[in-house]
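Below is one structure, written out as structure tokens, with a few remarks after it.
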Amino acid sequence: IGLQHAGNLWFGGYAMWGAIGGCVLAALLCAWLTKQKVIHIMDAAAIPTALVIGLGRLAEYFNGEGVGIMIENKSLQFFPLAVRTVCDVWDGVVVYEEWRLAVFVLEALAAFVILFVLLRTREEDGRQTKVFFILFCTISLVLESIREDSYLRWQTLFVKVNQLTSALVMTGVVIGCMAKRLQHPETGKLSKNKAITCSAVYVLLAGICIGMEFALQKLSWLPNWACYVIMTLCAAGMGLCAWWLVFPGKACKIEKME
């Protein structure tokens, strides 16, 4: 699907970041009307957002989106691991169907894990918002690659728009936090060498992720499972680098389980 179809919502499968962007705009408007800080409103919206994303992903069961590779092994053709999709209908009768990996279930579980983490995260100066974006973007880098439904792709970079958006948003969070730290050193210290190292590793891993998307499309000698393993490790590394750059010198405060 080309970018010229970005406004055709009936294609489905690629509107998640549009919805999140709408939430951010709503927070900006609410902050302007109520004279509150935007980050406080976004913190308040982080938990409901994770919940809605999880439920929305589960709802993809009904529209045929959120599926991945075809599952040919009959012993693995069961829900929630896989989902049956109709491929051809003749005179109202299904003549061909197949089982595909239920990626939307994995994305829903990921959203609920993020929800659990946010519930244990203290509301403190945008902390919940930062945690949400770091975790959501890290997970999306991999799971969006596995999807084989309706999606937008940058042909020149061999990456899907949702993947690229996730990388850009996470990078924006890192840059914003580092810029704030330069203006207000009391918010946390990070050594210059560590900041440079983390930033360089972050960029390198992002490049490898793009390379793995290229490999999935063009390199037949490299198995797809190997590409996904490498991509998962690189995405996790990007998330860790982002975490260290956003929360320097101390771990993000997570409330202890009772």
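Residue numbering restarts at 1 in every chain; chains get A, B, ... in the order shown in the structure tokens, and ligands count up from 1 in that same order.
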
inquiry  = Can you pull out every residue from stretch 71-254 of chain A that DSSP, working from the backbone, puts in helix (DSSP H, G or I), and format the result as an MDAnalysis selection string?
reply    = chainID A and resid 74:76 103:119 127:146 161:183 185:187 192:218 224:246

Test item: residues at most 10 Å from A:Thr129, only C-alpha atoms, excluding those fewer than 4 positions along its chain, as a ChimeraX atom specification = /A:39-47,118,123-125,133-134,173

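With only C-alpha atoms as the atoms that count, the minimum distance from A:Leu164 to the choices A:Glu148, A:Gly176, A:Cys209, A:Val201 is reached by A:Cys209.
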
task = Rank nothing, just name the residue among A:Val117, A:Ile139, A:Ile196, A:Ile210 nearest to A:Cys241, using only C-alpha atoms.
result =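 Closest residue, counting only C-alpha atoms: A:Ile196.
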
task = Take atom CA of A:Met238 and atom CA of A:Thr165 and report the distance between them in Å, one decimal.
result =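 Computed distance, atom CA of A:Met238 to atom CA of A:Thr165, equals 14.3 Å.
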
request  = Pick out the residues sitting within 10 Å of A:Tyr228, and hand them over as a VMD selection string; count only C-alpha atoms, and ignore anything fewer than 3 positions along from it in its own chain.
outcome  = chain A and resid 142 to 143 145 to 146 209 212 to 213 216 223 to 225 231 to 234

task = Grab the atom CA of A:Ala235 to atom CA of A:Cys137 distance for me, in Å with one decimal place.
result =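 Atom CA of A:Ala235 sits 9.0 Å away from atom CA of A:Cys137.
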
query = To one decimal place, how far is atom CA of A:Leu58 from atom CA of A:Leu115 in Å?
reply = 14.9 Å

Counting only C-alpha atoms, the option among A:Thr85, A:Trp99, A:Phe112, A:Lys35 closest to A:Ala50 =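 The closest residue to A:Ala50 is A:Phe112.
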
request  = Would you please work out which residue, of A:Ile53, A:Phe247, A:Ala200, A:Ser75, is nearest to A:Phe136 when using only C-alpha atoms?
outcome  =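 Of all the options, A:Ile53 lies closest to A:Phe136.
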
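With only C-alpha atoms as the basis for measurement, A:Val169 is the residue among A:Ile71, A:Ala242, A:Ala215, A:Val169 that approaches A:Gly21 most closely.
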
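You can rank A:Leu240, A:Ala26, A:Ala111, A:Val103 by their closest distance to A:Met170 using only C-alpha atoms, and at the top of that list sits A:Leu240.
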
query = Contacts of A:Leu29 at 9 Å or less, counting only C-alpha atoms, minus same-chain residues fewer than 5 places along, as an MDAnalysis selection string?
reply = chainID A and resid 24 34 38
